[in-house]
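File shown: work-v8.tsv. Contents: TSV, C-alpha atoms.
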chain	number	residue	atom	x	y	z
A	1	MET	CA	12.73	7.90	6.05
A	2	TYR	CA	11.02	6.62	2.93
A	3	ARG	CA	12.87	4.69	0.25
A	4	PHE	CA	12.30	6.04	-3.26
A	5	SER	CA	14.74	3.91	-5.24
A	6	PHE	CA	12.09	1.91	-7.05
A	7	PHE	CA	10.62	4.82	-8.96
A	8	TRP	CA	12.78	7.93	-8.66
A	9	LEU	CA	14.68	7.97	-11.93
A	10	PHE	CA	17.54	9.96	-13.40
A	11	LEU	CA	18.62	13.57	-12.97
A	12	PHE	CA	17.85	15.84	-15.89
A	13	PRO	CA	20.74	17.86	-17.37
A	14	GLY	CA	20.38	21.57	-17.91
A	15	ILE	CA	20.99	24.97	-16.36
A	16	PHE	CA	18.28	27.11	-14.80
A	17	CYS	CA	18.57	30.87	-15.10
A	18	SER	CA	16.49	32.82	-12.60
A	19	GLN	CA	14.56	35.71	-14.13
A	20	VAL	CA	13.07	37.08	-10.90
A	21	GLN	CA	14.81	38.05	-7.68
A	22	GLU	CA	12.67	36.91	-4.75
A	23	GLU	CA	12.85	36.56	-1.00
A	24	PHE	CA	12.01	32.86	-0.78
A	25	ARG	CA	14.68	31.16	1.26
A	26	VAL	CA	16.15	27.93	-0.03
A	27	LEU	CA	18.60	26.55	2.48
A	28	PRO	CA	22.07	27.45	1.15
A	29	ASP	CA	23.69	24.13	1.99
A	30	GLN	CA	22.25	21.66	-0.53
A	31	SER	CA	24.08	18.71	1.02
A	32	GLY	CA	21.33	16.45	2.32
A	33	LYS	CA	18.71	19.12	1.60
A	34	ASN	CA	16.99	17.29	-1.21
A	35	THR	CA	13.44	16.83	0.00
A	36	ILE	CA	10.64	19.37	0.15
A	37	ARG	CA	10.80	19.56	3.91
A	38	THR	CA	14.58	19.87	4.18
A	39	ARG	CA	15.14	22.30	1.33
A	40	PHE	CA	12.53	24.95	2.07
A	41	GLN	CA	12.61	27.12	5.15
A	42	PRO	CA	9.29	28.69	6.24
A	43	PRO	CA	9.07	32.48	6.40
A	44	GLU	CA	10.09	34.25	9.58
A	45	ASP	CA	8.01	33.34	12.64
A	46	TYR	CA	6.63	30.21	10.91
A	47	VAL	CA	7.60	26.58	11.49
A	48	TRP	CA	6.84	23.44	9.57
A	49	GLN	CA	3.64	21.71	10.64
A	50	LYS	CA	4.18	18.19	11.92
A	51	GLU	CA	2.60	15.49	9.78
A	52	ILE	CA	1.62	12.09	11.14
A	53	PRO	CA	4.44	9.62	10.34
A	54	GLY	CA	3.39	7.38	7.49
A	55	SER	CA	0.59	9.70	6.36
A	56	PHE	CA	0.13	11.01	2.83
A	57	GLY	CA	1.15	14.47	4.04
A	58	ASP	CA	4.37	13.07	5.49
A	59	PHE	CA	5.03	11.25	2.21
A	60	LEU	CA	4.58	14.46	0.19
A	61	GLU	CA	6.90	16.53	2.38
A	62	GLN	CA	9.62	13.91	1.96
A	63	LEU	CA	9.44	13.81	-1.82
A	64	PRO	CA	12.98	14.05	-3.24
A	65	LEU	CA	13.94	17.04	-5.36
A	66	LEU	CA	16.31	17.51	-8.27
A	67	PRO	CA	19.30	19.76	-7.55
A	68	ASP	CA	18.55	23.44	-7.04
A	69	GLY	CA	18.26	25.14	-10.44
A	70	ALA	CA	17.02	22.10	-12.37
A	71	PRO	CA	14.66	23.06	-15.24
A	72	VAL	CA	11.14	21.77	-15.67
A	73	ARG	CA	11.05	19.42	-18.67
A	74	ASP	CA	8.15	18.04	-20.65
A	75	PHE	CA	7.48	14.39	-21.42
A	76	ARG	CA	9.88	14.57	-24.39
A	77	GLY	CA	12.68	15.82	-22.15
A	78	ASN	CA	12.57	19.39	-23.48
A	79	PRO	CA	12.62	22.40	-21.14
A	80	VAL	CA	9.23	24.10	-20.97
A	81	GLY	CA	8.79	27.85	-21.30
A	82	LYS	CA	8.77	30.30	-18.36
A	83	GLN	CA	11.39	28.56	-16.28
A	84	HIS	CA	11.30	31.38	-13.72
A	85	LEU	CA	7.99	30.20	-12.23
A	86	HIS	CA	9.18	27.20	-10.23
A	87	ALA	CA	11.20	26.92	-7.02
A	88	ALA	CA	12.14	23.23	-7.33
A	89	VAL	CA	11.47	20.11	-9.39
A	90	ILE	CA	10.28	16.87	-7.81
A	91	ARG	CA	12.49	13.93	-8.68
A	92	LEU	CA	9.90	11.72	-10.35
A	93	ASP	CA	9.60	10.55	-13.96
A	94	THR	CA	6.89	12.06	-16.15
A	95	GLY	CA	6.59	9.17	-18.57
A	96	ASP	CA	7.12	9.41	-22.33
A	97	ARG	CA	3.53	10.32	-23.31
A	98	ASP	CA	1.54	13.53	-22.95
A	99	LEU	CA	-0.58	12.11	-20.13
A	100	GLN	CA	0.63	13.11	-16.66
A	101	GLN	CA	-0.79	16.61	-16.55
A	102	CYS	CA	-2.44	18.51	-13.68
A	103	ALA	CA	-5.01	16.18	-12.08
A	104	ASP	CA	-2.93	13.20	-13.15
A	105	ALA	CA	0.01	14.50	-11.12
A	106	TRP	CA	-2.04	14.33	-7.93
A	107	ILE	CA	-3.31	10.85	-8.87
A	108	ARG	CA	0.30	9.76	-9.51
A	109	LEU	CA	1.55	10.90	-6.14
A	110	TYR	CA	-1.35	9.39	-4.19
A	111	ALA	CA	-1.07	6.12	-6.10
A	112	GLU	CA	2.69	5.99	-5.43
A	113	TYR	CA	2.01	6.56	-1.74
A	114	LEU	CA	-0.48	3.68	-1.66
A	115	TRP	CA	1.88	1.43	-3.64
A	116	GLN	CA	4.81	2.13	-1.36
A	117	ASN	CA	2.68	1.30	1.68
A	118	LYS	CA	1.38	-1.89	0.01
A	119	ARG	CA	-2.20	-0.65	0.16
A	120	PHE	CA	-2.91	-2.23	-3.21
A	121	ASP	CA	-6.63	-2.69	-2.54
A	122	ASP	CA	-7.02	1.09	-2.19
A	123	ILE	CA	-5.51	1.92	-5.58
A	124	ALA	CA	-8.56	2.69	-7.71
A	125	PHE	CA	-9.72	5.76	-9.63
A	126	ARG	CA	-12.77	6.64	-11.67
A	127	PHE	CA	-12.68	7.75	-15.28
A	128	THR	CA	-14.51	10.89	-16.38
A	129	SER	CA	-17.18	8.50	-17.69
A	130	GLY	CA	-17.77	7.34	-14.11
A	131	GLN	CA	-16.31	3.87	-14.61
A	132	LYS	CA	-13.87	2.68	-11.98
A	133	MET	CA	-10.53	1.08	-12.76
A	134	SER	CA	-8.66	-0.53	-9.89
A	135	TRP	CA	-5.05	-1.67	-9.81
A	136	ASN	CA	-6.20	-5.12	-8.71
A	137	ASP	CA	-8.33	-5.50	-11.85
A	138	PHE	CA	-5.54	-4.22	-14.11
A	139	ARG	CA	-2.86	-6.52	-12.68
A	140	LYS	CA	-5.21	-9.46	-13.24
A	141	GLY	CA	-5.51	-8.60	-16.95
A	142	MET	CA	-8.41	-6.12	-17.18
A	143	ARG	CA	-8.01	-3.66	-20.06
A	144	THR	CA	-10.13	-1.14	-21.95
A	145	ILE	CA	-11.51	-1.02	-25.47
A	146	GLU	CA	-12.92	2.17	-26.95
A	147	ARG	CA	-16.19	1.73	-28.79
A	148	GLY	CA	-17.41	5.04	-30.11
A	149	ASP	CA	-17.69	7.41	-27.18
A	150	SER	CA	-17.70	4.67	-24.56
A	151	VAL	CA	-15.08	2.49	-22.91
A	152	THR	CA	-15.60	-1.21	-22.34
A	153	PHE	CA	-13.62	-3.38	-19.92
A	154	VAL	CA	-12.30	-6.73	-21.16
A	155	HIS	CA	-9.92	-9.38	-19.82
A	156	ARG	CA	-7.17	-9.52	-22.41
A	157	GLY	CA	-3.92	-8.74	-20.58
A	158	SER	CA	-1.54	-11.04	-18.77
A	159	VAL	CA	-1.39	-11.26	-14.98
A	160	ASP	CA	1.39	-8.89	-13.89
A	161	GLY	CA	1.78	-7.25	-10.50
A	162	SER	CA	5.16	-5.60	-11.20
A	163	TYR	CA	5.93	-1.92	-10.81
A	164	GLY	CA	6.28	-1.64	-14.58
A	165	SER	CA	2.72	-2.90	-14.94
A	166	PHE	CA	1.64	-0.42	-12.26
A	167	ARG	CA	3.03	2.45	-14.35
A	168	LYS	CA	1.05	1.19	-17.35
A	169	TYR	CA	-2.04	1.12	-15.16
A	170	LEU	CA	-1.45	4.75	-14.18
A	171	ASP	CA	-1.02	5.78	-17.82
A	172	LEU	CA	-4.39	4.20	-18.54
A	173	VAL	CA	-5.96	6.13	-15.67
A	174	PHE	CA	-4.36	9.36	-16.89
A	175	GLN	CA	-5.84	8.74	-20.33
A	176	TYR	CA	-9.43	8.54	-19.09
A	177	ALA	CA	-9.45	10.50	-15.81
A	178	GLY	CA	-8.89	14.20	-15.19
A	179	SER	CA	-9.97	17.21	-13.18
A	180	ILE	CA	-13.67	16.42	-13.69
A	181	SER	CA	-13.42	12.88	-12.33
A	182	LEU	CA	-11.07	13.89	-9.51
A	183	ASP	CA	-13.50	16.62	-8.49
A	184	ARG	CA	-16.35	14.10	-8.35
A	185	GLU	CA	-14.31	11.76	-6.14
A	186	SER	CA	-13.46	14.50	-3.66
A	187	VAL	CA	-15.01	16.30	-0.70
A	188	THR	CA	-14.96	20.09	-0.30
A	189	VAL	CA	-12.87	21.56	2.52
A	190	THR	CA	-14.96	24.48	3.76
A	191	SER	CA	-12.85	25.86	6.61
A	192	ASP	CA	-9.36	27.35	6.50
A	193	ARG	CA	-8.36	25.50	9.67
A	194	GLU	CA	-9.21	22.16	8.01
A	195	ILE	CA	-6.89	22.62	5.01
A	196	LYS	CA	-4.04	20.11	5.15
A	197	VAL	CA	-1.15	18.73	3.14
A	198	GLY	CA	-2.51	16.39	0.46
A	199	ASP	CA	-5.52	18.58	-0.32
A	200	PHE	CA	-5.71	20.33	-3.66
A	201	LEU	CA	-7.17	23.36	-5.38
A	202	ILE	CA	-9.28	22.30	-8.34
A	203	ALA	CA	-11.15	23.87	-11.23
A	204	PRO	CA	-12.87	20.95	-13.02
A	205	GLY	CA	-13.21	21.25	-16.77
A	206	SER	CA	-11.79	20.42	-20.17
A	207	PRO	CA	-9.29	21.82	-19.63
A	208	GLY	CA	-9.45	22.44	-15.91
A	209	HIS	CA	-6.58	22.63	-13.48
A	210	VAL	CA	-5.34	21.16	-10.19
A	211	VAL	CA	-2.67	22.46	-7.81
A	212	MET	CA	-1.53	20.26	-4.91
A	213	ILE	CA	-0.66	21.26	-1.34
A	214	VAL	CA	2.68	19.61	-0.53
A	215	GLY	CA	3.81	21.45	2.59
A	216	ALA	CA	2.41	23.55	5.43
A	217	ALA	CA	3.87	25.95	7.99
A	218	ARG	CA	2.20	27.69	10.93
A	219	ASN	CA	2.96	30.65	13.20
A	220	SER	CA	2.15	31.06	16.88
A	221	SER	CA	-1.15	32.74	16.00
A	222	GLY	CA	-2.31	29.65	14.14
A	223	HIS	CA	-2.01	31.21	10.69
A	224	ASN	CA	-0.94	28.78	7.97
A	225	LEU	CA	1.10	29.06	4.78
A	226	TYR	CA	1.40	26.37	2.13
A	227	LEU	CA	3.73	25.07	-0.56
A	228	LEU	CA	2.03	24.24	-3.85
A	229	ALA	CA	3.02	21.91	-6.67
A	230	GLU	CA	1.63	21.21	-10.12
A	231	SER	CA	2.13	19.63	-13.49
A	232	PHE	CA	0.76	21.37	-16.56
A	233	MET	CA	0.16	21.02	-20.30
A	234	PRO	CA	2.01	19.47	-21.98
A	235	ALA	CA	2.77	16.73	-19.42
A	236	GLN	CA	5.84	17.86	-17.50
A	237	ASP	CA	7.83	17.47	-14.30
A	238	ILE	CA	5.86	18.04	-11.12
A	239	HIS	CA	7.33	21.19	-9.65
A	240	ILE	CA	7.04	23.49	-6.62
A	241	LEU	CA	5.51	26.85	-7.52
A	242	LYS	CA	6.95	30.24	-6.70
A	243	ASN	CA	4.52	32.91	-5.54
A	244	PRO	CA	4.90	35.92	-7.86
A	245	GLY	CA	1.91	37.57	-6.18
A	246	ASN	CA	3.69	37.80	-2.82
A	247	LEU	CA	7.45	37.81	-3.20
A	248	LYS	CA	7.92	38.37	0.53
A	249	ILE	CA	6.74	34.84	1.39
A	250	SER	CA	7.40	33.10	-1.95
A	251	PRO	CA	7.29	30.17	-2.58
A	252	TRP	CA	4.73	29.91	0.24
A	253	TYR	CA	1.06	30.76	-0.31
A	254	GLU	CA	-1.89	31.82	1.77
A	255	ILE	CA	-5.04	29.79	1.06
A	256	HIS	CA	-8.52	30.85	2.09
A	257	ALA	CA	-11.26	28.35	1.36
A	258	LYS	CA	-13.96	31.01	0.93
A	259	ALA	CA	-11.96	33.61	-0.99
A	260	PRO	CA	-13.52	34.77	-4.29
A	261	GLN	CA	-10.36	33.89	-6.19
A	262	MET	CA	-6.74	32.82	-5.81
A	263	ALA	CA	-3.93	33.27	-8.31
A	264	THR	CA	-1.02	30.86	-8.69
A	265	THR	CA	1.80	31.15	-11.21
A	266	ARG	CA	-0.20	30.17	-14.29
A	267	TYR	CA	-3.80	29.87	-13.17
A	268	ILE	CA	-6.48	31.85	-11.34
A	269	PHE	CA	-8.97	29.77	-9.38
A	270	ARG	CA	-12.38	31.46	-9.26
A	271	PRO	CA	-13.13	30.54	-6.50
A	272	PRO	CA	-10.28	28.49	-4.95
A	273	SER	CA	-12.18	25.23	-4.45
A	274	VAL	CA	-10.14	23.26	-1.91
A	275	LYS	CA	-10.92	19.54	-1.94
A	276	ARG	CA	-9.79	16.24	-0.43
A	277	PHE	CA	-9.95	12.82	-2.07
A	278	TYR	CA	-12.78	10.81	-0.54
A	279	GLN	CA	-10.43	8.08	0.80
A	280	LEU	CA	-8.35	10.67	2.64
A	281	TYR	CA	-11.48	12.39	3.92
A	282	GLN	CA	-12.74	9.11	5.38
A	283	HIS	CA	-9.40	8.50	7.12
A	284	ARG	CA	-8.80	12.03	8.38
Please, can you express the file's structure as structure tokens?
Amino acid sequence: MYRFSFFWLFLFPGIFCSQVQEEFRVLPDQSGKNTIRTRFQPPEDYVWQKEIPGSFGDFLEQLPLLPDGAPVRDFRGNPVGKQHLHAAVIRLDTGDRDLQQCADAWIRLYAEYLWQNKRFDDIAFRFTSGQKMSWNDFRKGMRTIERGDSVTFVHRGSVDGSYGSFRKYLDLVFQYAGSISLDRESVTVTSDREIKVGDFLIAPGSPGHVVMIVGAARNSSGHNLYLLAESFMPAQDIHILKNPGNLKISPWYEIHAKAPQMATTRYIFRPPSVKRFYQLYQHR
């Protein structure tokens, strides 16, 4: 079991009032059922897919959740609108700036996975400008200066390899990266059978959107269903999406790589471009 104590923060107060009656099945006994994998039961005739221990998919399925009914809050700590659209809230801080939005949420989770596994050399992301900022450079003092429409790298920070410095590094990445840069750093998944936990649906743009696959279940016929998570604008808690388009299987979703479109709670992907970060594609 993973240890999350170094970055899972406090529980948010508040009461969640469901506005839609659905058939998604949250396990009734919440005692010890506080991860994605333990809280959500697949639909009838489906079972959780097994992830490789220590993989990014395994990490995502073991993400801790706030108590059932917790509201989604923005970076200021205020509940966002339309609280009936989420099935659970991931227990992870959002930061105090309007930065950790849709693509940034995926970057955050992958970076946390690499950090936890001490794969510090792999923590690096490109800005929308194409420039690459690595954690190793940041911890050694590399920073950015904006000059007109361009960003210049300079050594002006102190050497600091702490987790607090790592969070500052991520905020810098969030500031200059987004769905466009994430799309460029990713490989298209063209077949339904190749879709896996850790992949994401992406519509690059300003604004674009990203929805992450954080769980997968399969039936005896080999048909898969998926749990999806997202952040949104303004920056807010990463949360598990309900499926208002199919209440029978909600919060699970069907994903077809070559479908003309796919609707989630607050976004329609036309088409549903399923992609995988290039590092994960190389290590598949």
### Point-to-point distance in Å for CA of Val214 in chain A and CA of Phe125 in chain A
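Calculated distance between CA of Phe125 in chain A and CA of Val214 in chain A is 20.7 Å.
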### Query
Counting all atoms listed in the file, which of A:Pro64, A:Gly141, A:Gly95, A:Gly205 gets nearest to Ser181 in chain A?
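Between A:Pro64, A:Gly141, A:Gly95, A:Gly205, the residue approaching Ser181 in chain A most closely is A:Gly205.
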### Message
Report, in Å to a single decimal, how far apart CA of Arg276 in chain A and CA of Asp199 in chain A are.
### Response
4.9 Å
Please identify every residue of range 156-235 of chain A that has at least one atom no farther than 8 Å from an atom of range 242-257 of chain A, counting all atoms listed in the file, and for each give the shortest atom pair and the distance in Å to one decimal, arranged by chain then increasing number, as CSV.
residue,atom,partner,partner_atom,distance
A:Val189,CA,A:Ala257,CA,7.1
A:Thr190,CA,A:Ala257,CA,5.9
A:Ser191,CA,A:Ala257,CA,6.0
A:Asp192,CA,A:Ala257,CA,5.6
A:Asn224,CA,A:Glu254,CA,7.0
A:Leu225,CA,A:Glu254,CA,5.1
A:Tyr226,CA,A:Tyr253,CA,5.0
A:Leu227,CA,A:Trp252,CA,5.0
A:Leu228,CA,A:Tyr253,CA,7.5
Same residues, C-alpha atoms, output as a PDB file, in the coordinates of the input:
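File result_6.pdb, as written:
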ATOM      1  CA  VAL A 189     -12.870  21.560   2.520  1.00  0.00           C
ATOM      2  CA  THR A 190     -14.960  24.480   3.760  1.00  0.00           C
ATOM      3  CA  SER A 191     -12.850  25.860   6.610  1.00  0.00           C
ATOM      4  CA  ASP A 192      -9.360  27.350   6.500  1.00  0.00           C
ATOM      5  CA  ASN A 224      -0.940  28.780   7.970  1.00  0.00           C
ATOM      6  CA  LEU A 225       1.100  29.060   4.780  1.00  0.00           C
ATOM      7  CA  TYR A 226       1.400  26.370   2.130  1.00  0.00           C
ATOM      8  CA  LEU A 227       3.730  25.070  -0.560  1.00  0.00           C
ATOM      9  CA  LEU A 228       2.030  24.240  -3.850  1.00  0.00           C
TER      10      LEU A 228
END
### Residue nearest Ile107 in chain A among A:Ile238, A:Gly81, A:Gly215, A:Ala203 (counting only C-alpha atoms)
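Distance minimum relative to Ile107 in chain A lands on A:Ile238.
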